[in-house]
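**Student:** Structure file input34.txt (compact mmCIF, C-alpha atoms) right here:
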# COMPACT_ATOMS: atom_id res chain seq x y z
CA MET S 2 2.15 -25.56 42.75
CA PRO S 3 2.01 -24.95 38.94
CA MET S 4 1.59 -21.38 37.76
CA ASP S 5 0.52 -19.96 34.40
CA ILE S 6 2.78 -17.45 32.68
CA THR S 7 2.01 -15.73 29.37
CA VAL S 8 4.77 -14.98 26.87
CA GLY S 9 4.20 -12.93 23.74
CA THR S 10 5.67 -10.93 20.89
CA PHE S 11 4.60 -7.66 19.26
CA ASN S 12 6.17 -5.56 16.52
CA LEU S 13 5.43 -2.02 17.71
CA ASN S 14 5.97 -0.56 14.23
CA ASN S 15 8.48 2.27 14.55
CA LEU S 16 8.20 3.25 18.19
CA PHE S 17 10.44 6.29 17.87
CA SER S 18 10.85 9.16 20.28
CA ARG S 19 8.35 11.96 20.20
CA TYR S 20 11.27 14.41 19.88
CA ASN S 21 13.41 14.92 16.81
CA PHE S 22 16.35 16.65 18.47
CA SER S 23 18.42 16.37 21.63
CA ALA S 24 19.37 20.02 22.10
CA GLU S 25 18.85 21.90 25.35
CA VAL S 26 16.75 24.97 24.82
CA GLU S 27 18.10 27.35 27.45
CA ILE S 28 15.01 29.47 27.96
CA VAL S 29 12.82 26.39 28.46
CA ARG S 30 15.37 24.61 30.63
CA ALA S 31 15.50 27.64 32.93
CA GLY S 32 11.88 26.99 33.87
CA GLY S 33 8.85 29.22 34.19
CA ILE S 34 7.54 28.49 30.68
CA GLU S 35 4.62 26.26 29.86
CA VAL S 36 4.49 24.78 26.37
CA ASP S 37 1.00 23.69 25.37
CA ALA S 38 1.00 24.16 21.60
CA GLU S 39 3.21 23.57 18.59
CA VAL S 40 6.52 25.37 18.99
CA ARG S 41 9.25 25.80 16.38
CA PHE S 42 12.87 26.25 17.37
CA THR S 43 15.56 27.56 15.06
CA PHE S 44 19.15 26.57 15.80
CA VAL S 45 21.73 29.07 14.56
CA GLU S 46 24.78 26.88 15.25
CA PRO S 47 24.72 23.15 14.40
CA VAL S 48 25.90 21.99 17.81
CA GLY S 49 24.19 20.17 20.67
CA TYR S 50 21.50 18.54 18.61
CA VAL S 51 21.14 15.61 16.25
CA PHE S 52 18.38 15.18 13.69
CA ARG S 53 17.63 11.52 13.08
CA SER S 54 17.30 10.58 9.44
CA TYR S 55 17.24 7.46 7.28
CA MET S 56 17.77 7.41 3.51
CA GLY S 57 17.62 11.18 3.48
CA LYS S 58 14.30 11.45 5.34
CA LEU S 59 13.65 12.68 8.85
CA VAL S 60 12.79 9.89 11.28
CA GLU S 61 9.32 10.77 12.51
CA PRO S 62 8.07 9.97 16.01
CA LYS S 63 5.09 7.71 16.51
CA SER S 64 2.02 9.89 16.95
CA PRO S 65 0.35 10.10 20.38
CA ALA S 66 -2.80 8.56 18.89
CA GLU S 67 -0.90 5.53 17.58
CA ARG S 68 1.08 5.21 20.81
CA LYS S 69 -2.22 5.04 22.68
CA ILE S 70 -3.58 2.39 20.33
CA ILE S 71 -0.46 0.26 20.80
CA ALA S 72 -0.55 0.76 24.57
CA ASP S 73 -4.25 -0.12 24.73
CA ARG S 74 -3.61 -3.36 22.86
CA ILE S 75 -0.78 -4.29 25.20
CA ARG S 76 -2.94 -3.52 28.22
CA ALA S 77 -5.72 -5.67 26.78
CA ILE S 78 -3.60 -8.77 26.12
CA ASN S 79 -1.94 -8.27 29.52
CA VAL S 80 0.83 -10.83 29.03
CA ASP S 81 3.54 -11.36 31.64
CA VAL S 82 6.56 -11.25 29.32
CA LEU S 83 6.42 -9.37 26.02
CA ALA S 84 9.16 -9.42 23.40
CA VAL S 85 8.99 -6.27 21.27
CA GLN S 86 10.51 -5.17 17.98
CA GLU S 87 11.01 -1.84 16.19
CA VAL S 88 11.81 0.29 19.24
CA GLU S 89 14.29 3.14 18.90
CA ASP S 90 16.29 2.72 22.11
CA ILE S 91 16.09 1.86 25.80
CA GLY S 92 15.06 5.38 26.75
CA VAL S 93 12.04 5.24 24.46
CA LEU S 94 11.10 1.77 25.75
CA CYS S 95 11.35 2.84 29.40
CA GLN S 96 9.35 6.00 28.73
CA PHE S 97 6.67 3.97 26.92
CA ALA S 98 6.51 1.45 29.77
CA LEU S 99 6.16 4.19 32.38
CA GLU S 100 3.97 6.78 30.70
CA ASP S 101 1.90 4.85 28.16
CA LEU S 102 1.62 1.54 30.02
CA GLY S 103 1.40 3.00 33.52
CA GLY S 104 4.27 0.97 34.94
CA MET S 105 2.70 -2.44 34.34
CA TYR S 106 6.13 -3.77 33.31
CA PRO S 107 8.78 -2.93 35.92
CA TYR S 108 11.54 -4.64 33.91
CA GLN S 109 12.65 -3.38 30.51
CA VAL S 110 15.51 -4.65 28.36
CA LEU S 111 16.95 -3.29 25.11
CA VAL S 112 20.47 -3.35 23.68
CA GLU S 113 21.38 -1.15 20.71
CA GLY S 114 21.43 -3.28 17.56
CA ASN S 115 22.72 -2.97 14.02
CA ASP S 116 19.76 -1.49 12.17
CA GLN S 117 20.45 1.77 10.32
CA ARG S 118 16.78 2.73 10.70
CA LEU S 119 17.22 2.71 14.50
CA ILE S 120 14.79 -0.15 15.19
CA ASP S 121 15.87 -2.50 17.97
CA VAL S 122 14.45 -5.54 19.76
CA GLY S 123 13.60 -5.39 23.45
CA LEU S 124 11.63 -6.94 26.28
CA LEU S 125 8.97 -5.92 28.80
CA SER S 126 8.46 -8.17 31.82
CA ARG S 127 6.57 -8.44 35.07
CA TYR S 128 9.01 -11.13 36.15
CA PRO S 129 12.54 -10.33 37.31
CA ILE S 130 15.30 -10.44 34.74
CA GLY S 131 18.53 -12.39 35.14
CA GLY S 132 21.30 -12.48 32.57
CA VAL S 133 21.05 -10.42 29.38
CA THR S 134 23.16 -11.16 26.31
CA SER S 135 23.25 -9.38 22.96
CA TRP S 136 24.39 -11.23 19.84
CA ARG S 137 24.54 -8.17 17.59
CA PHE S 138 28.18 -8.93 16.73
CA ALA S 139 27.55 -12.56 15.72
CA VAL S 140 28.64 -13.67 12.24
CA HIS S 141 27.72 -16.51 9.89
CA PRO S 142 30.40 -18.81 8.42
CA ASP S 143 29.35 -17.77 4.89
CA GLU S 144 30.02 -14.10 5.73
CA PRO S 145 32.63 -14.06 8.52
CA HIS S 146 33.39 -10.36 8.09
CA ASP S 147 29.80 -9.09 8.32
CA TYR S 148 27.44 -9.06 11.30
CA ILE S 149 24.68 -11.53 10.52
CA PHE S 150 21.79 -9.88 12.38
CA SER S 151 20.17 -6.85 10.81
CA ARG S 152 19.04 -5.90 14.34
CA ASP S 153 20.03 -8.34 17.08
CA LEU S 154 19.37 -11.63 18.80
CA LEU S 155 18.59 -10.74 22.40
CA GLU S 156 18.95 -13.46 25.04
CA VAL S 157 17.22 -12.85 28.40
CA ASP S 158 16.79 -15.10 31.44
CA ILE S 159 13.36 -14.84 33.08
CA LEU S 160 13.42 -15.52 36.83
CA ASP S 161 10.76 -16.52 39.32
CA PRO S 162 9.35 -13.72 41.53
CA ARG S 163 11.80 -14.54 44.34
CA ARG S 164 14.77 -14.72 41.96
CA ARG S 165 15.56 -18.22 43.16
CA GLU S 166 15.43 -20.00 39.83
CA ARG S 167 15.38 -19.39 36.10
CA LEU S 168 11.94 -20.11 34.68
CA PHE S 169 13.14 -20.07 31.06
CA THR S 170 15.36 -18.18 28.66
CA LEU S 171 13.83 -16.00 25.96
CA PHE S 172 15.53 -15.32 22.61
CA ASN S 173 14.05 -12.34 20.74
CA THR S 174 14.96 -11.42 17.18
CA HIS S 175 13.75 -9.57 14.09
CA LEU S 176 14.87 -11.21 10.85
CA LYS S 177 15.49 -9.52 7.52
CA SER S 178 12.43 -7.73 6.14
CA ASN S 179 10.94 -8.23 2.68
CA TYR S 180 11.32 -4.57 1.74
CA THR S 181 12.87 -3.84 -1.66
CA ARG S 182 13.55 -0.43 -3.12
CA TRP S 183 11.73 0.58 -6.28
CA ASP S 184 15.01 0.94 -8.20
CA GLN S 185 16.21 -2.60 -7.43
CA ASP S 186 15.81 -5.70 -9.55
CA GLY S 187 12.92 -7.44 -7.80
CA ALA S 188 13.93 -11.05 -8.39
CA ALA S 189 17.57 -10.50 -7.47
CA ALA S 190 16.62 -8.50 -4.36
CA ARG S 191 14.20 -11.20 -3.19
CA ALA S 192 16.89 -13.84 -3.64
CA ARG S 193 19.33 -11.81 -1.54
CA ILE S 194 16.70 -11.29 1.13
CA PHE S 195 15.92 -15.01 1.26
CA ASP S 196 19.60 -15.91 1.63
CA ARG S 197 20.08 -13.30 4.33
CA ARG S 198 17.07 -14.50 6.32
CA ARG S 199 18.11 -18.14 5.91
CA ARG S 200 21.58 -17.39 7.29
CA GLN S 201 20.08 -15.40 10.15
CA ALA S 202 17.80 -18.31 11.08
CA GLU S 203 20.76 -20.67 10.94
CA ALA S 204 22.73 -18.33 13.21
CA VAL S 205 19.84 -18.19 15.70
CA ALA S 206 19.64 -21.99 15.81
CA THR S 207 23.41 -22.34 16.19
CA ILE S 208 23.59 -19.81 19.03
CA VAL S 209 20.60 -21.27 20.88
CA GLU S 210 22.07 -24.76 20.66
CA ALA S 211 25.40 -23.53 22.01
CA ARG S 212 23.76 -21.60 24.87
CA THR S 213 21.34 -24.29 26.05
CA ARG S 214 21.23 -27.94 27.06
CA PRO S 215 18.93 -30.73 25.85
CA ASN S 216 16.77 -30.27 28.95
CA SER S 217 16.70 -26.44 28.82
CA ARG S 218 13.46 -24.51 28.78
CA TYR S 219 13.57 -21.64 26.30
CA VAL S 220 11.42 -19.58 23.94
CA VAL S 221 12.53 -18.30 20.54
CA THR S 222 10.27 -15.48 19.42
CA GLY S 223 10.07 -12.32 17.36
CA ASP S 224 9.23 -11.03 13.90
CA MET S 225 10.61 -13.60 11.46
CA ASN S 226 9.26 -11.92 8.29
CA ASP S 227 8.36 -15.33 6.88
CA GLY S 228 5.94 -18.15 7.62
CA VAL S 229 6.73 -21.02 9.98
CA ASP S 230 6.92 -23.45 7.06
CA ALA S 231 9.14 -21.22 4.90
CA ALA S 232 12.35 -22.66 3.50
CA SER S 233 14.27 -19.76 5.04
CA LEU S 234 13.31 -20.98 8.54
CA ALA S 235 14.27 -24.62 7.98
CA ALA S 236 16.89 -24.33 10.75
CA PHE S 237 14.16 -23.65 13.31
CA ARG S 238 12.29 -26.82 12.42
CA ALA S 239 15.49 -28.86 12.20
CA ALA S 240 16.34 -27.78 15.75
CA GLY S 241 13.23 -29.58 16.98
CA TRP S 242 11.49 -26.45 18.24
CA VAL S 243 7.71 -26.56 18.57
CA ASN S 244 5.48 -23.87 17.08
CA GLY S 245 3.27 -22.61 19.90
CA LEU S 246 0.80 -21.00 17.48
CA THR S 247 -0.35 -23.87 15.30
CA ALA S 248 -4.06 -23.14 15.84
CA PRO S 249 -4.24 -19.98 17.94
CA LYS S 250 -7.38 -18.53 19.41
CA GLU S 251 -8.39 -14.97 18.50
CA THR S 252 -9.49 -12.18 20.82
CA ARG S 253 -12.05 -11.25 18.14
CA PRO S 254 -12.85 -12.50 14.63
CA ALA S 255 -10.84 -10.99 11.79
CA LYS S 256 -12.47 -8.08 9.99
CA ARG S 257 -14.34 -9.47 6.99
CA GLU S 258 -12.87 -9.04 3.52
CA GLN S 259 -14.70 -8.35 0.27
CA PRO S 260 -15.12 -10.54 -1.67
CA ASP S 261 -15.58 -13.36 0.81
CA ALA S 262 -12.88 -15.46 -0.89
CA TYR S 263 -10.31 -12.91 0.37
CA ASN S 264 -10.88 -13.88 4.00
CA PRO S 265 -8.05 -15.73 5.81
CA PRO S 266 -8.42 -19.53 5.69
CA HIS S 267 -7.11 -20.01 9.25
CA THR S 268 -6.36 -18.10 12.45
CA ALA S 269 -2.56 -18.56 12.39
CA TRP S 270 -1.57 -15.17 10.96
CA THR S 271 -0.31 -11.89 12.37
CA HIS S 272 0.58 -9.96 9.21
CA ARG S 273 -1.65 -9.00 6.28
CA TYR S 274 -0.17 -7.76 3.01
CA LYS S 275 -2.21 -6.73 -0.02
CA LEU S 276 -1.08 -5.48 -3.40
CA THR S 277 -3.51 -3.41 -5.48
CA ARG S 278 -6.12 -5.60 -7.20
CA GLN S 279 -4.58 -8.71 -5.65
CA PRO S 280 -5.91 -11.01 -2.91
CA PRO S 281 -4.42 -10.27 0.53
CA GLN S 282 -1.73 -12.55 1.90
CA PHE S 283 -1.87 -13.68 5.52
CA GLU S 284 1.31 -14.89 7.24
CA LEU S 285 2.37 -15.84 10.76
CA TYR S 286 5.42 -13.56 10.82
CA ASP S 287 5.29 -13.14 14.60
CA GLN S 288 6.19 -16.50 16.05
CA VAL S 289 6.65 -18.24 19.39
CA TRP S 290 8.82 -21.38 19.25
CA LEU S 291 9.23 -23.60 22.30
CA SER S 292 12.10 -25.91 23.21
CA PRO S 293 11.12 -29.61 23.39
CA PRO S 294 11.21 -29.65 27.24
CA LEU S 295 9.01 -26.53 27.36
CA ALA S 296 6.51 -27.60 24.69
CA PRO S 297 4.54 -29.95 27.02
CA LYS S 298 3.90 -26.93 29.26
CA LEU S 299 1.90 -25.21 26.50
CA VAL S 300 -1.71 -24.49 27.48
CA ASP S 301 -2.85 -22.43 24.50
CA GLY S 302 -1.86 -19.79 21.95
CA TRP S 303 -3.55 -16.47 21.20
CA ILE S 304 -3.53 -13.61 18.68
CA ASP S 305 -5.04 -10.21 19.39
CA ARG S 306 -6.88 -9.52 16.18
CA ARG S 307 -6.87 -6.04 14.66
CA THR S 308 -10.11 -4.19 13.95
CA ARG S 309 -8.88 -2.62 10.69
CA HIS S 310 -7.34 -4.31 7.66
CA SER S 311 -4.34 -1.98 7.84
CA GLY S 312 -3.84 -2.75 11.53
CA ASP S 313 -4.39 -0.94 14.82
CA GLY S 314 -1.19 1.01 15.41
CA SER S 315 0.92 -1.69 13.75
CA ASP S 316 0.72 -3.88 10.65
CA HIS S 317 1.46 -6.84 12.95
CA ASP S 318 -0.88 -8.39 15.50
CA PRO S 319 0.54 -9.41 18.90
CA ALA S 320 0.70 -13.14 19.58
CA TRP S 321 1.30 -15.05 22.80
CA VAL S 322 1.21 -18.42 24.51
CA THR S 323 0.21 -19.55 27.97
CA LEU S 324 2.67 -21.87 29.72
CA ARG S 325 1.94 -23.83 32.87
CA LEU S 326 5.21 -24.10 34.75
Just give me the structure as structure tokens.

**Tutor:**
Amino acid sequence: MPMDITVGTFNLNNLFSRYNFSAEVEIVRAGGIEVDAEVRFTFVEPVGYVFRSYMGKLVEPKSPAERKIIADRIRAINVDVLAVQEVEDIGVLCQFALEDLGGMYPYQVLVEGNDQRLIDVGLLSRYPIGGVTSWRFAVHPDEPHDYIFSRDLLEVDILDPRRRERLFTLFNTHLKSNYTRWDQDGAAARARIFDRRRRQAEAVATIVEARTRPNSRYVVTGDMNDGVDAASLAAFRAAGWVNGLTAPKETRPAKREQPDAYNPPHTAWTHRYKLTRQPPQFELYDQVWLSPPLAPKLVDGWIDRRTRHSGDGSDHDPAWVTLRL
């Protein structure tokens, strides 16, 4: 009997811990104290705690209000398997799944990656998990002494409810971002970013080919930081993968732009970027690619559309496909 399973991807936009230190505060740990307001602790000796920083700035936690917005969106789309990006660590993901999502995903996966900003890729699933493989130490032939993935390529087997068979394998990644520092040469930085992302896409395709067979059912998903037709992602198309979001449906129409010419020309976008006094750019950064044997199982594709131009809790919209297996 065929069954429908939904598989999606969502960049959670800096889902960091709500705490900025790991010290034990003895008087609180002893019990008997209720903390219901802002409290400041001063540490005399620099031991037992670690302040998380990046480029000289304190890593801030995601606010409770934004956590709720993200959780509400995930509850609304209600997909069975959700690949996530920009999560600090497995503890934060498990806490988010339990407290913010109410336990709707009993299976959580995250392996520490390479990103200096502490953003990793992970997975939330209603379906049991089989094998888990991290490719954070993979290299590209052009740079054999440097890890190719800025974060990771996470490989996860999704099993049927009785754990009797593998439904498909999911590969989740987060390719090089387009961010450039203000003090960098823009053209040179963009060229380096393109080359890095191209090599990452080539590494993904090479690994997937080595780990699968011609008749394998698998999904390659994540935040690719480029459009599906971009030159940097040529390896994806050359592999014969099928874009599951060619003409996705929307949970609601996109918020209207002014002037009207600024409105997106199609529904296949998850990321909006606008420079001052320039038209906004709409790109399908968050992608779901299907292996040729899995592509015929595609029922439809969806994007949960934001209600604000800047995004609801994230500058990416979650996207997903329905598969009939």

**Student:** What is the distance between atom CA of Ala206 of chain S and atom CA of Val322 of chain S, in Å to one decimal?

**Tutor:** 20.7 Å

**Student:** Neighbours of Ile304 of chain S within 8 Å (only C-alpha atoms; same-chain residues fewer than 2 positions away dropped), as a list in words?

**Tutor:** Pro249, Lys250, Glu251, Thr252, Thr271, Gly302, Arg306, Asp318, Pro319, Ala320 and Trp321 of chain S

**Student:** Using all atoms listed in the file, can you tell me which of S:Arg118, S:Arg214, S:Arg307, S:Arg127 comes closest to Arg74 of chain S?

**Tutor:**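 That would be S:Arg307, the residue with the smallest distance to Arg74 of chain S.
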
**Student:** Please list, as a count of residues only, the residues that have an atom at most 6 Å away from (3.9, -12.8, 32.5) in the coordinates of this file, counting all atoms listed in the file.

**Tutor:** 6

**Student:** Identify which of the residues S:Gly9, S:Pro65, S:Gly104, S:Pro142 lies closest to Gln86 of chain S, counting only C-alpha atoms when measuring atom-to-atom distances.

**Tutor:**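 Among the listed residues, the smallest separation from Gln86 of chain S belongs to S:Gly9.
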
**Student:** Considering all atoms listed in the file, state which residue in the set S:Leu111, S:Val93, S:Ile149, S:Val8 is at the smallest distance from Thr170 of chain S.

**Tutor:**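 Looking only at the distances to Thr170 of chain S, the closest residue turns out to be S:Val8.
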
**Student:** Find the residue from S:Asp121, S:Asp230, S:Asp313, S:Asp161 that sits nearest to Ala84 of chain S; use all atoms listed in the file when measuring.

**Tutor:** S:Asp121

**Student:** Please list as a PyMOL selection string every residue within 10 Å of Asp316 of chain S, counting only C-alpha atoms and excluding residues in the same chain fewer than 6 positions away.

**Tutor:** chain S and resi 12-14+271-274+307+309-310

**Student:** Just checking: using all atoms listed in the file, which residue out of S:Arg76, S:Gln117, S:Ala240, S:Ala255 ends up closest to His267 of chain S?

**Tutor:** S:Ala255

**Student:** Would you mind telling me which residue in S:Leu176, S:Leu285, S:Ala192, S:Val205 lies nearest to Gly228 of chain S when using only C-alpha atoms?

**Tutor:**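 Closest to Gly228 of chain S of all the choices is S:Leu285.
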
**Student:** Can you tell me how far atom CA of Asp143 of chain S sits from atom CA of Leu171 of chain S, in Å to one decimal?

**Tutor:**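 Interatomic distance here is 26.2 Å.
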
**Student:** At what distance in Å, to one decimal, does atom CA of Ala269 of chain S lie from atom CA of Thr174 of chain S?

**Tutor:**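 If I compute the distance from atom CA of Thr174 of chain S to atom CA of Ala269 of chain S, I get 19.5 Å.
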
**Student:** Please provide the set of residues having any atom within 12 Å of segment 129-136 of chain S, restricted to all atoms listed in the file, with same-chain residues fewer than 4 positions apart removed, written as a PyMOL selection string.

**Tutor:** chain S and resi 81-82+106-115+121-125+140-141+148-174+201+204-205+207-209+212

**Student:** Save segment 89-104 of chain S from what I just supplied, as a compact mmCIF listing (two decimals), in the first residue's frame, atoms limited to N, CA, C and O atoms.

**Tutor:**
# COMPACT_ATOMS: atom_id res chain seq x y z
N GLU S 89 23.36 25.31 16.32
CA GLU S 89 24.63 25.34 17.04
C GLU S 89 25.21 23.96 17.32
O GLU S 89 26.37 23.69 17.03
N ASP S 90 24.40 23.08 17.90
CA ASP S 90 24.91 21.74 18.22
C ASP S 90 23.73 20.81 18.50
O ASP S 90 22.57 21.23 18.47
N ILE S 91 24.04 19.55 18.78
CA ILE S 91 22.98 18.57 18.98
C ILE S 91 22.15 18.87 20.22
O ILE S 91 20.94 18.63 20.25
N GLY S 92 22.77 19.42 21.24
CA GLY S 92 22.03 19.77 22.45
C GLY S 92 20.96 20.81 22.17
O GLY S 92 19.82 20.71 22.65
N VAL S 93 21.32 21.82 21.40
CA VAL S 93 20.36 22.87 21.04
C VAL S 93 19.24 22.30 20.17
O VAL S 93 18.06 22.62 20.35
N LEU S 94 19.59 21.41 19.23
CA LEU S 94 18.57 20.82 18.37
C LEU S 94 17.61 19.95 19.16
O LEU S 94 16.39 20.01 18.97
N CYS S 95 18.13 19.15 20.08
CA CYS S 95 17.27 18.29 20.90
C CYS S 95 16.37 19.12 21.80
O CYS S 95 15.18 18.82 21.97
N GLN S 96 16.93 20.17 22.38
CA GLN S 96 16.14 21.05 23.24
C GLN S 96 15.03 21.72 22.45
O GLN S 96 13.87 21.81 22.90
N PHE S 97 15.35 22.19 21.25
CA PHE S 97 14.36 22.83 20.38
C PHE S 97 13.25 21.84 20.01
O PHE S 97 12.06 22.19 20.04
N ALA S 98 13.65 20.61 19.68
CA ALA S 98 12.66 19.60 19.30
C ALA S 98 11.73 19.26 20.46
O ALA S 98 10.53 19.04 20.27
N LEU S 99 12.27 19.22 21.66
CA LEU S 99 11.47 18.85 22.83
C LEU S 99 10.63 20.02 23.33
O LEU S 99 9.40 19.88 23.50
N GLU S 100 11.26 21.15 23.57
CA GLU S 100 10.57 22.26 24.22
C GLU S 100 9.77 23.12 23.26
O GLU S 100 8.63 23.49 23.55
N ASP S 101 10.35 23.47 22.12
CA ASP S 101 9.67 24.38 21.20
C ASP S 101 8.71 23.64 20.26
O ASP S 101 7.69 24.20 19.86
N LEU S 102 9.06 22.41 19.90
CA LEU S 102 8.23 21.64 18.98
C LEU S 102 7.39 20.59 19.67
O LEU S 102 6.66 19.84 19.02
N GLY S 103 7.49 20.50 20.98
CA GLY S 103 6.61 19.61 21.74
C GLY S 103 6.81 18.14 21.47
O GLY S 103 5.88 17.35 21.62
N GLY S 104 8.02 17.76 21.02
CA GLY S 104 8.29 16.34 20.81
C GLY S 104 7.74 15.77 19.52
O GLY S 104 7.65 14.54 19.39
